[in-house]
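> If it helps, the file is called structure_36.cif and holds mmCIF, C-alpha atoms:
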```
data_coords
loop_
_atom_site.label_atom_id
_atom_site.label_comp_id
_atom_site.auth_asym_id
_atom_site.auth_seq_id
_atom_site.Cartn_x
_atom_site.Cartn_y
_atom_site.Cartn_z
CA MET A 617 125.62 132.97 -85.96
CA GLU A 618 125.54 136.74 -86.57
CA GLU A 619 129.09 138.07 -86.21
CA THR A 620 128.49 141.58 -84.88
CA LEU A 621 130.83 141.14 -81.90
CA LYS A 622 134.56 141.41 -82.45
CA LEU A 623 136.92 139.04 -80.60
CA SER A 624 140.50 140.08 -79.86
CA ILE A 625 143.00 137.22 -79.74
CA ILE A 626 146.28 138.18 -78.03
CA ILE A 627 149.30 135.98 -78.72
CA PRO A 628 152.70 136.67 -77.08
CA VAL A 629 155.44 135.47 -79.43
CA TYR A 630 158.93 134.50 -78.31
CA LYS A 631 161.18 131.74 -79.73
CA VAL A 632 158.29 129.67 -81.08
CA GLU A 633 159.19 129.53 -84.79
CA LEU A 634 158.67 125.74 -84.89
CA PHE A 635 155.11 125.99 -83.56
CA LEU A 636 153.84 129.45 -84.50
CA GLU A 637 152.34 128.59 -87.89
CA LYS A 638 150.11 125.91 -86.38
CA CYS A 639 148.98 128.36 -83.72
CA ILE A 640 148.16 131.14 -86.19
CA GLU A 641 146.45 128.80 -88.65
CA SER A 642 144.21 127.45 -85.89
CA ILE A 643 143.05 131.01 -85.21
CA ARG A 644 142.72 132.12 -88.84
CA ASN A 645 140.55 129.07 -89.58
CA GLN A 646 138.07 129.70 -86.78
CA THR A 647 134.41 129.22 -87.67
CA TYR A 648 133.81 132.64 -86.09
CA ARG A 649 135.42 135.14 -88.46
CA ASN A 650 135.09 138.59 -86.87
CA LEU A 651 138.49 138.54 -85.20
CA GLU A 652 141.31 140.87 -84.32
CA ILE A 653 144.47 138.74 -84.14
CA ILE A 654 147.22 140.56 -82.22
CA LEU A 655 150.68 139.01 -82.53
CA VAL A 656 153.15 140.57 -80.09
CA ASP A 657 156.72 139.77 -81.09
CA ASP A 658 158.53 140.14 -77.76
CA GLY A 659 161.98 140.68 -79.27
CA SER A 660 162.21 137.07 -80.39
CA PRO A 661 165.74 136.20 -81.64
CA ASP A 662 164.55 133.50 -84.06
CA ASN A 663 162.32 133.78 -87.14
CA SER A 664 159.10 134.19 -85.18
CA GLY A 665 158.85 137.92 -85.95
CA LYS A 666 159.25 137.28 -89.69
CA ILE A 667 156.55 134.61 -89.61
CA CYS A 668 154.20 137.13 -87.96
CA ASP A 669 154.90 139.71 -90.68
CA GLU A 670 154.28 137.19 -93.47
CA TYR A 671 150.90 136.27 -92.04
CA ALA A 672 149.95 139.94 -91.65
CA LYS A 673 150.45 140.39 -95.40
CA CYS A 674 147.82 137.76 -96.23
CA ASP A 675 145.23 138.39 -93.50
CA SER A 676 143.97 141.90 -92.74
CA ARG A 677 142.70 140.75 -89.35
CA ILE A 678 146.27 140.28 -88.13
CA LYS A 679 148.06 143.10 -86.32
CA VAL A 680 151.77 142.63 -85.53
CA ILE A 681 153.63 144.52 -82.82
CA HIS A 682 157.42 144.23 -82.56
CA LYS A 683 158.84 145.23 -79.20
CA LYS A 684 161.93 144.90 -77.05
CA ASN A 685 161.97 141.70 -74.99
CA GLY A 686 160.15 142.23 -71.72
CA GLY A 687 158.63 138.83 -70.96
CA VAL A 688 155.23 137.27 -71.51
CA SER A 689 153.43 139.67 -69.14
CA SER A 690 154.82 142.67 -70.95
CA ALA A 691 153.75 141.17 -74.29
CA ARG A 692 150.21 140.47 -73.08
CA ASN A 693 149.92 143.96 -71.60
CA THR A 694 150.99 145.43 -74.94
CA GLY A 695 148.30 143.38 -76.67
CA LEU A 696 145.68 144.50 -74.16
CA SER A 697 146.58 148.16 -74.65
CA VAL A 698 145.82 148.05 -78.40
CA SER A 699 142.93 145.55 -78.41
CA GLN A 700 139.57 146.83 -79.66
CA GLY A 701 137.40 143.73 -79.43
CA ASP A 702 134.25 143.15 -77.38
CA TYR A 703 135.75 139.94 -75.98
CA ILE A 704 139.36 138.88 -75.36
CA CYS A 705 141.13 135.52 -75.51
CA PHE A 706 144.81 134.84 -74.77
CA ILE A 707 146.64 132.09 -76.65
CA ASP A 708 150.31 131.10 -76.29
CA GLY A 709 152.35 131.04 -79.48
CA ASP A 710 153.31 127.38 -79.19
CA ASP A 711 149.74 126.13 -78.60
CA TRP A 712 146.67 125.82 -80.80
CA ILE A 713 142.88 125.71 -80.53
CA GLU A 714 140.04 123.78 -82.12
CA THR A 715 138.45 125.48 -85.14
CA ASN A 716 135.15 125.96 -83.27
CA THR A 717 136.66 127.21 -79.99
CA LEU A 718 135.72 130.87 -80.25
CA GLU A 719 132.26 130.32 -81.72
CA THR A 720 131.45 127.69 -79.08
CA CYS A 721 132.56 129.94 -76.21
CA LEU A 722 130.76 133.02 -77.50
CA LYS A 723 127.54 131.04 -77.97
CA GLU A 724 127.81 129.74 -74.40
CA ILE A 725 128.38 133.25 -73.06
CA LEU A 726 125.37 134.68 -74.91
CA ARG A 727 123.12 131.70 -74.12
CA ASN A 728 123.92 131.83 -70.40
CA LYS A 729 124.03 135.65 -70.23
CA ALA A 730 127.52 135.31 -68.81
CA GLU A 731 130.64 137.46 -69.07
CA MET A 732 133.20 134.70 -69.42
CA CYS A 733 133.46 131.14 -70.69
CA LEU A 734 136.08 128.79 -69.23
CA PHE A 735 136.93 125.64 -71.18
CA ASN A 736 138.83 122.39 -70.80
CA TYR A 737 142.14 121.72 -72.50
CA GLU A 738 144.47 118.94 -73.58
CA GLU A 739 148.11 118.70 -72.52
CA VAL A 740 150.25 117.52 -75.44
CA TYR A 741 153.65 115.96 -74.72
CA LYS A 742 156.75 115.63 -76.89
CA ASP A 743 156.37 111.86 -77.19
CA GLY A 744 152.87 112.25 -78.65
CA LYS A 745 150.97 111.41 -75.48
CA SER A 746 148.17 113.69 -74.36
CA ILE A 747 146.03 114.19 -71.27
CA VAL A 748 142.65 115.92 -71.12
CA ARG A 749 142.42 118.20 -68.10
CA ASP A 750 139.06 118.82 -66.46
CA SER A 751 139.48 122.32 -65.04
CA ILE A 752 136.30 122.36 -62.94
CA PRO A 753 135.16 118.89 -61.80
CA GLY A 754 131.40 118.37 -61.64
CA SER A 755 128.49 118.82 -64.01
CA LYS A 756 127.60 122.51 -63.72
CA SER A 757 127.69 124.49 -66.96
CA PHE A 758 127.40 127.96 -65.46
CA PHE A 759 128.10 129.69 -62.14
CA GLN A 760 126.32 132.69 -60.67
CA ASP A 761 126.64 132.05 -56.91
CA LEU A 762 129.96 133.90 -56.86
CA ASN A 763 129.75 135.20 -53.29
CA ASN A 764 131.10 132.02 -51.70
CA ILE A 765 134.54 130.45 -51.43
CA ASP A 766 133.53 127.12 -53.04
CA THR A 767 132.78 128.84 -56.37
CA LEU A 768 135.94 130.94 -56.06
CA TYR A 769 137.96 127.79 -55.44
CA LYS A 770 136.48 126.12 -58.54
CA TYR A 771 137.16 129.24 -60.62
CA MET A 772 140.78 129.31 -59.46
CA ASN A 773 141.19 125.53 -59.82
CA TRP A 774 143.26 126.01 -62.96
CA THR A 775 144.81 129.43 -63.03
CA ALA A 776 146.05 129.61 -66.63
CA ILE A 777 145.16 132.68 -68.62
CA TRP A 778 144.54 130.94 -71.93
CA ASN A 779 141.53 128.74 -71.13
CA PHE A 780 138.78 131.33 -71.31
CA LEU A 781 137.04 133.95 -73.47
CA ILE A 782 136.10 137.06 -71.49
CA LYS A 783 134.21 140.32 -71.94
CA ALA A 784 136.79 143.03 -72.67
CA SER A 785 135.26 145.55 -70.26
CA LEU A 786 136.15 143.27 -67.33
CA VAL A 787 139.89 143.45 -68.02
CA LYS A 788 140.27 146.97 -69.43
CA ASN A 789 141.78 148.25 -66.15
CA ILE A 790 143.67 145.07 -65.20
CA ARG A 791 147.23 144.36 -66.25
CA PHE A 792 149.75 141.56 -65.70
CA ASP A 793 152.45 142.19 -63.11
CA GLU A 794 155.67 142.27 -65.12
CA SER A 795 157.86 141.60 -62.08
CA LEU A 796 156.61 137.98 -61.85
CA TRP A 797 158.36 135.39 -64.02
CA ILE A 798 155.79 132.69 -63.21
CA GLY A 799 152.22 132.65 -61.90
CA GLU A 800 151.42 136.13 -63.19
CA ASP A 801 148.25 134.65 -64.70
CA THR A 802 147.10 133.55 -61.21
CA VAL A 803 147.15 137.11 -59.91
CA PHE A 804 145.56 138.48 -63.09
CA LYS A 805 142.73 135.96 -63.04
CA PHE A 806 142.15 136.50 -59.33
CA GLN A 807 141.58 140.22 -59.96
CA ILE A 808 138.92 139.44 -62.56
CA TYR A 809 136.76 137.48 -60.13
CA LYS A 810 135.33 140.42 -58.18
CA HIS A 811 134.04 141.97 -61.42
CA LEU A 812 132.26 138.79 -62.55
CA LYS A 813 128.54 138.32 -62.05
CA ARG A 814 128.20 135.03 -63.91
CA PHE A 815 130.50 132.71 -65.85
CA CYS A 816 129.93 129.55 -67.85
CA TYR A 817 131.98 126.45 -68.48
CA GLN A 818 132.56 124.38 -71.60
CA ARG A 819 133.73 120.83 -70.83
CA GLU A 820 134.97 120.00 -74.31
CA PRO A 821 138.79 120.31 -74.54
CA LEU A 822 139.05 123.24 -76.95
CA TYR A 823 142.67 124.22 -76.28
CA HIS A 824 145.85 122.22 -76.93
CA TYR A 825 148.60 123.10 -74.47
CA ARG A 826 152.05 122.01 -75.59
CA ILE A 827 154.29 120.79 -72.74
CA ARG A 828 157.86 121.93 -73.40
CA PRO A 829 160.55 121.39 -70.72
CA GLU A 830 162.52 124.35 -72.10
CA SER A 831 159.64 126.79 -71.62
CA CYS A 832 159.52 129.15 -68.63
CA THR A 833 157.07 126.98 -66.72
CA GLY A 834 159.22 123.92 -67.40
CA LEU A 835 162.27 125.38 -65.66
CA LEU A 836 163.15 125.28 -61.97
CA HIS A 837 164.20 128.52 -60.27
CA TYR A 838 165.67 128.78 -56.81
CA ASP A 839 163.75 131.97 -56.03
CA LEU A 840 160.45 130.07 -56.45
CA PRO A 841 159.50 130.26 -52.73
CA GLU A 842 159.98 134.04 -52.75
CA ILE A 843 157.89 134.37 -55.93
CA ILE A 844 155.10 132.24 -54.42
CA TYR A 845 154.97 134.40 -51.29
CA LYS A 846 155.10 137.58 -53.37
CA ARG A 847 152.05 136.43 -55.37
CA TYR A 848 150.31 135.40 -52.17
CA GLN A 849 150.84 138.82 -50.59
CA MET A 850 149.62 140.51 -53.77
CA MET A 851 146.38 138.55 -53.61
CA LEU A 852 145.98 139.29 -49.90
CA GLY A 853 146.18 142.97 -50.79
CA ILE A 854 143.55 142.51 -53.51
CA ILE A 855 141.20 140.82 -51.02
CA GLN A 856 141.63 143.66 -48.55
CA LYS A 857 140.33 146.13 -51.15
CA GLY A 858 136.96 144.33 -51.02
CA GLY A 859 134.60 142.61 -53.43
CA TYR A 860 135.51 139.00 -52.55
CA PRO A 861 133.61 136.27 -50.67
CA GLU A 862 134.07 136.03 -46.94
CA ASN A 863 137.07 133.85 -46.06
CA ALA A 864 138.54 134.26 -49.56
CA GLN A 865 141.96 133.96 -47.94
CA GLU A 866 141.27 130.23 -47.50
CA VAL A 867 141.23 129.90 -51.28
CA ILE A 868 144.54 131.64 -51.86
CA ASN A 869 146.01 129.65 -48.95
CA SER A 870 145.19 126.55 -51.00
CA ILE A 871 145.92 127.67 -54.56
CA GLU A 872 149.15 129.47 -53.72
CA LEU A 873 150.77 128.03 -50.59
CA ILE A 874 149.53 124.42 -50.57
CA ARG A 875 149.75 123.93 -54.34
CA GLY A 876 153.13 125.62 -54.29
CA MET A 877 154.54 123.05 -51.88
CA PRO A 878 155.01 120.23 -54.47
CA ALA A 879 156.78 122.66 -56.83
CA VAL A 880 159.14 123.68 -54.03
CA ILE A 881 159.72 120.03 -53.12
CA GLU A 882 160.52 119.32 -56.77
CA LEU A 883 163.53 121.61 -56.43
CA ALA A 884 165.00 118.99 -54.08
CA PHE A 885 164.76 116.30 -56.76
CA ASN A 886 166.25 118.13 -59.74
CA GLY A 887 169.69 116.58 -59.25
CA LYS A 888 171.60 119.81 -59.85
CA ILE A 889 172.64 120.43 -56.27
CA SER A 890 172.49 118.28 -53.16
CA PHE A 891 169.23 117.33 -51.47
CA LYS A 892 170.67 118.83 -48.26
CA CYS A 893 170.99 122.27 -49.86
CA ASN A 894 167.55 122.07 -51.43
CA TYR A 895 166.04 120.85 -48.18
CA LYS A 896 166.92 124.21 -46.65
CA ILE A 897 164.71 125.83 -49.30
CA ILE A 898 161.84 123.54 -48.26
CA GLU A 899 162.39 124.29 -44.56
CA HIS A 900 162.39 128.01 -45.27
CA TYR A 901 159.13 127.68 -47.22
CA ILE A 902 157.18 125.71 -44.60
CA ASN A 903 158.41 127.60 -41.55
CA THR A 904 156.69 130.88 -42.37
CA ALA A 905 153.62 131.93 -40.38
CA TYR A 906 151.64 132.17 -43.64
CA PHE A 907 152.26 128.54 -44.56
CA LYS A 908 151.66 127.21 -41.05
CA ASN A 909 148.28 128.98 -40.94
CA ALA A 910 147.41 127.73 -44.44
CA ILE A 911 148.19 124.09 -43.69
CA GLN A 912 146.34 124.16 -40.35
CA ASN A 913 143.14 125.26 -42.11
CA HIS A 914 143.49 123.12 -45.24
CA ASN A 915 140.91 120.45 -46.04
CA LYS A 916 140.57 120.59 -49.82
CA ASP A 917 142.35 117.49 -51.12
CA LEU A 918 144.23 114.31 -50.18
CA GLU A 919 147.64 115.61 -51.17
CA GLY A 920 147.26 118.74 -49.03
CA ASN A 921 145.92 116.75 -46.10
CA PHE A 922 148.89 114.36 -46.28
CA ILE A 923 151.28 117.31 -46.15
CA LYS A 924 149.24 118.71 -43.25
CA ALA A 925 149.54 115.44 -41.30
CA ILE A 926 153.30 115.27 -41.84
CA LEU A 927 153.82 118.84 -40.70
CA ILE A 928 151.49 118.65 -37.70
CA PHE A 929 152.66 115.32 -36.28
CA GLY A 930 156.35 115.54 -36.91
CA LYS A 931 159.20 117.45 -38.49
CA PRO A 932 159.52 116.52 -42.19
CA SER A 933 162.31 114.08 -42.83
CA ARG A 934 163.91 113.14 -46.14
CA LEU A 935 161.58 110.12 -46.25
CA ALA A 936 158.51 112.31 -45.67
CA ILE A 937 159.57 114.76 -48.37
CA THR A 938 160.14 111.86 -50.77
CA LEU A 939 156.65 110.53 -50.01
CA MET A 940 155.15 113.98 -50.63
CA TYR A 941 156.99 114.20 -53.94
CA ASN A 942 155.82 110.76 -55.10
CA ILE A 943 152.20 111.42 -54.11
CA HIS A 944 152.36 114.64 -56.11
CA LYS A 945 153.67 112.76 -59.15
CA ILE A 946 150.94 110.11 -58.85
CA LYS A 947 148.29 112.80 -58.63
CA GLN A 948 149.86 114.72 -61.52
CA LYS A 949 150.14 111.78 -63.94
CA ILE A 950 147.86 108.88 -63.06
CA ILE A 951 144.71 110.67 -61.88
CA PRO A 952 144.49 113.09 -64.87
CA THR A 953 145.09 110.17 -67.24
CA TYR A 954 142.18 108.29 -65.69
CA ARG A 955 140.07 111.45 -65.87
CA GLY A 956 140.96 111.80 -69.55
CA TRP A 957 139.83 108.24 -70.26
CA ALA A 958 136.57 108.86 -68.42
CA ILE A 959 135.88 112.01 -70.44
CA LYS A 960 136.56 110.22 -73.74
CA GLU A 961 134.30 107.33 -72.76
CA ASP A 962 131.47 109.74 -71.91
CA LYS A 963 131.56 111.34 -75.38
#
```
In structure tokens, write the structure found in this file.

Amino acid sequence: MEETLKLSIIIPVYKVELFLEKCIESIRNQTYRNLEIILVDDGSPDNSGKICDEYAKCDSRIKVIHKKNGGVSSARNTGLSVSQGDYICFIDGDDWIETNTLETCLKEILRNKAEMCLFNYEEVYKDGKSIVRDSIPGSKSFFQDLNNIDTLYKYMNWTAIWNFLIKASLVKNIRFDESLWIGEDTVFKFQIYKHLKRFCYQREPLYHYRIRPESCTGLLHYDLPEIIYKRYQMMLGIIQKGGYPENAQEVINSIELIRGMPAVIELAFNGKISFKCNYKIIEHYINTAYFKNAIQNHNKDLEGNFIKAILIFGKPSRLAITLMYNIHKIKQKIIPTYRGWAIKEDK
């Protein structure tokens, strides 16, 4: 493959000294060589910054930026501001990719005349177990019917920022909101959609996502309901500016408010404070007009419909909340495991 196009790989780096070398090596050893590897040391207190500098000495494609700690959004924004590639890919410093990831995605983009390639990934757990996640169920390899909510829903099905390669011109004027400590990638990715004309999808798991309980996404925060509603209102504002399918609000009702419900419920089961105290958080979350409207109009999946039935036909009790929590856990663990087996058997 002729390597005339440059790919910018942006990696935020913070307290990942145990995993960073594997991440960087997986990028340096890509079969596609015309890369700009941007390592943004976000004021990491461990040896991560030194590891970045050592790699920069032996690979001219690596650019290191040391900055004051500002969070992952700030680090990614810094990387975006200096990137010069034709396409951009985000990778977290504790994860790694297959050696053919970038070449495979770029080939798919060029072959399908698309602007972005989404790809599947594998969750890797501390005990060695792994689960392959199928981001967009179905058999389609590219999407161009973007002016409908079904395609938007599929696109937003997994809202991570690291499972795609995208044309740089589509994100040159978009930045991560640095006030969000979680879900900032959801808002960022949502903004991209109105600029897309066509995107493709690679079903091979090309990314390895390391599950770490101590990471930001592995922690529980009591301001989670407020953050969810803040993101939701941001996306409502984006829709109002135009360029989205009719009834796009139905999608953000589902991806933000309905999907957010299990995470809020999980607060009640963390064992740090009483269920009674945490239950007040749940009541506050479900008693807003936004959530009530979202659940009334929800028909996307079994878990959401179960929550809908509970809330429509009776006030949630401790038993109902427990059932919701357990259904979420079954969906989260058993169904993806089965899906992973099915994918492996199909290969």
> Calculate how many Å separate atom CA of A:Glu652 from atom CA of A:Leu796, rounding to one decimal.
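Straight-line distance from atom CA of A:Glu652 to atom CA of A:Leu796 works out to 27.3 Å.
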> Can you list, as number ranges by chain, the residues that the PyMOL selection byres ((chain A and resi 678-683) around 9) selects here?
A: 644, 651-660, 665, 668-669, 671-677, 684-686, 691, 694-695
> I'd like the neighbourhood of A:Glu800 as a VMD selection string, where a residue qualifies if any of its atoms comes within 10 Å (using all atoms listed in the file), though same-chain residues fewer than 2 positions away should be ignored.
chain A and resid 688 to 689 775 to 777 791 to 798 802 to 805 843 847
> Step by step, work through what the PyMOL selection byres ((chain A and resi 740) around 10) selects in the shown file, and finish by giving those residues as an MDAnalysis selection string.
chainID A and resid 711 737:739 741:748 824:828
> What lies within 6 Å of stretch 781-786 of chain A using all atoms listed in the file, ignoring chain neighbours under 5 positions off, as a compact mmCIF listing (two decimals) with C-alpha atoms, in the frame of the given file?

```txt
# COMPACT_ATOMS: atom_id res chain seq x y z
CA ASP A 702 134.25 143.15 -77.38
CA TYR A 703 135.75 139.94 -75.98
CA ILE A 704 139.36 138.88 -75.36
CA CYS A 705 141.13 135.52 -75.51
CA GLU A 731 130.64 137.46 -69.07
CA MET A 732 133.20 134.70 -69.42
CA CYS A 733 133.46 131.14 -70.69
```
> Kindly provide, as lines of an AutoDock Vina configuration file, the centre and edge lengths (Å, one decimal) of an axis-aligned box around all atoms of stretch 756-770 of chain A given in the file, with 8 Å on each side.

```
center_x = 132.1
center_y = 128.9
center_z = -59.2
size_x = 27.6
size_y = 28.7
size_z = 31.5
```
> For the atom pair atom CA of A:Pro661 and atom CA of A:Lys631, what is the interatomic distance in Å to one decimal place?
6.7 Å
> Find the spatial neighbours of stretch 721-724 of chain A, counting all atoms listed in the file, within a cut-off of 8 Å - ignore same-chain residues fewer than 5 positions away - and output them as a PyMOL selection string.
chain A and resi 730+733-735+781+816-818
> Given the file shown, determine the residues that the PyMOL selection byres ((chain A and resi 861) around 6) selects; report them as a VMD selection string.
chain A and resid 763 to 765 860 862 864
> Please indicate the distance in Å from atom CA of A:Arg749 to atom CA of A:Glu820, rounded to one decimal place.
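Computing the Euclidean distance for atom CA of A:Arg749 and atom CA of A:Glu820 yields 9.9 Å.
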> Given the choices A:Asn736, A:Asn645, A:Gly701, A:Ile667, which gets closest to A:Lys622 if the distance is worked out from all atoms listed in the file?
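Ranking A:Asn736, A:Asn645, A:Gly701, A:Ile667 by distance to A:Lys622, first place goes to A:Gly701.
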> Check the smallest atom-to-atom distance from each of A:Lys666, A:Lys638, A:Lys729, A:Arg875 to A:Ile713 using all atoms listed in the file, then report the winner.
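Distance minimum relative to A:Ile713 lands on A:Lys638.
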> Measuring atom to atom with all atoms listed in the file, identify which of A:Leu636, A:Met850, A:Met877, A:Ile625 is nearest to A:Ser699.
A:Ile625
> Would you mind completing stretch 658-677 of chain A so that it carries N, CA and C atoms, and writing it out as an mmCIF file, keeping the file's coordinate frame?

```
data_model
loop_
_atom_site.group_PDB
_atom_site.id
_atom_site.type_symbol
_atom_site.label_atom_id
_atom_site.label_comp_id
_atom_site.auth_asym_id
_atom_site.auth_seq_id
_atom_site.Cartn_x
_atom_site.Cartn_y
_atom_site.Cartn_z
ATOM 1 N N ASP A 658 157.849 139.625 -78.944
ATOM 2 C CA ASP A 658 158.530 140.140 -77.760
ATOM 3 C C ASP A 658 160.052 140.064 -77.923
ATOM 4 N N GLY A 659 160.536 140.680 -79.003
ATOM 5 C CA GLY A 659 161.980 140.680 -79.270
ATOM 6 C C GLY A 659 162.539 139.305 -79.511
ATOM 7 N N SER A 660 161.779 138.453 -80.184
ATOM 8 C CA SER A 660 162.210 137.070 -80.390
ATOM 9 C C SER A 660 163.445 137.003 -81.287
ATOM 10 N N PRO A 661 164.497 136.256 -80.863
ATOM 11 C CA PRO A 661 165.740 136.200 -81.640
ATOM 12 C C PRO A 661 165.687 135.246 -82.825
ATOM 13 N N ASP A 662 164.645 134.435 -82.937
ATOM 14 C CA ASP A 662 164.550 133.500 -84.060
ATOM 15 C C ASP A 662 163.694 134.104 -85.168
ATOM 16 N N ASN A 663 163.101 133.282 -86.009
ATOM 17 C CA ASN A 663 162.320 133.780 -87.140
ATOM 18 C C ASN A 663 160.849 134.030 -86.811
ATOM 19 N N SER A 664 160.495 134.007 -85.563
ATOM 20 C CA SER A 664 159.100 134.190 -85.180
ATOM 21 C C SER A 664 158.526 135.514 -85.666
ATOM 22 N N GLY A 665 159.315 136.596 -85.514
ATOM 23 C CA GLY A 665 158.850 137.920 -85.950
ATOM 24 C C GLY A 665 158.572 137.965 -87.442
ATOM 25 N N LYS A 666 159.438 137.324 -88.235
ATOM 26 C CA LYS A 666 159.250 137.280 -89.690
ATOM 27 C C LYS A 666 157.997 136.502 -90.062
ATOM 28 N N ILE A 667 157.756 135.409 -89.355
ATOM 29 C CA ILE A 667 156.550 134.610 -89.610
ATOM 30 C C ILE A 667 155.305 135.452 -89.348
ATOM 31 N N CYS A 668 155.327 136.236 -88.273
ATOM 32 C CA CYS A 668 154.200 137.130 -87.960
ATOM 33 C C CYS A 668 153.957 138.105 -89.109
ATOM 34 N N ASP A 669 155.026 138.719 -89.595
ATOM 35 C CA ASP A 669 154.900 139.710 -90.680
ATOM 36 C C ASP A 669 154.352 139.085 -91.956
ATOM 37 N N GLU A 670 154.774 137.869 -92.272
ATOM 38 C CA GLU A 670 154.280 137.190 -93.470
ATOM 39 C C GLU A 670 152.786 136.922 -93.374
ATOM 40 N N TYR A 671 152.327 136.526 -92.215
ATOM 41 C CA TYR A 671 150.900 136.270 -92.040
ATOM 42 C C TYR A 671 150.087 137.558 -92.116
ATOM 43 N N ALA A 672 150.662 138.657 -91.609
ATOM 44 C CA ALA A 672 149.950 139.940 -91.650
ATOM 45 C C ALA A 672 149.704 140.401 -93.087
ATOM 46 N N LYS A 673 150.597 139.998 -93.993
ATOM 47 C CA LYS A 673 150.450 140.390 -95.400
ATOM 48 C C LYS A 673 149.249 139.712 -96.060
ATOM 49 N N CYS A 674 148.882 138.520 -95.569
ATOM 50 C CA CYS A 674 147.820 137.760 -96.230
ATOM 51 C C CYS A 674 146.512 137.715 -95.432
ATOM 52 N N ASP A 675 146.471 138.367 -94.293
ATOM 53 C CA ASP A 675 145.230 138.390 -93.500
ATOM 54 C C ASP A 675 145.105 139.744 -92.821
ATOM 55 N N SER A 676 144.137 140.538 -93.257
ATOM 56 C CA SER A 676 143.970 141.900 -92.740
ATOM 57 C C SER A 676 143.537 141.924 -91.280
ATOM 58 N N ARG A 677 143.115 140.799 -90.751
ATOM 59 C CA ARG A 677 142.700 140.750 -89.350
ATOM 60 C C ARG A 677 143.887 140.692 -88.406
#
```
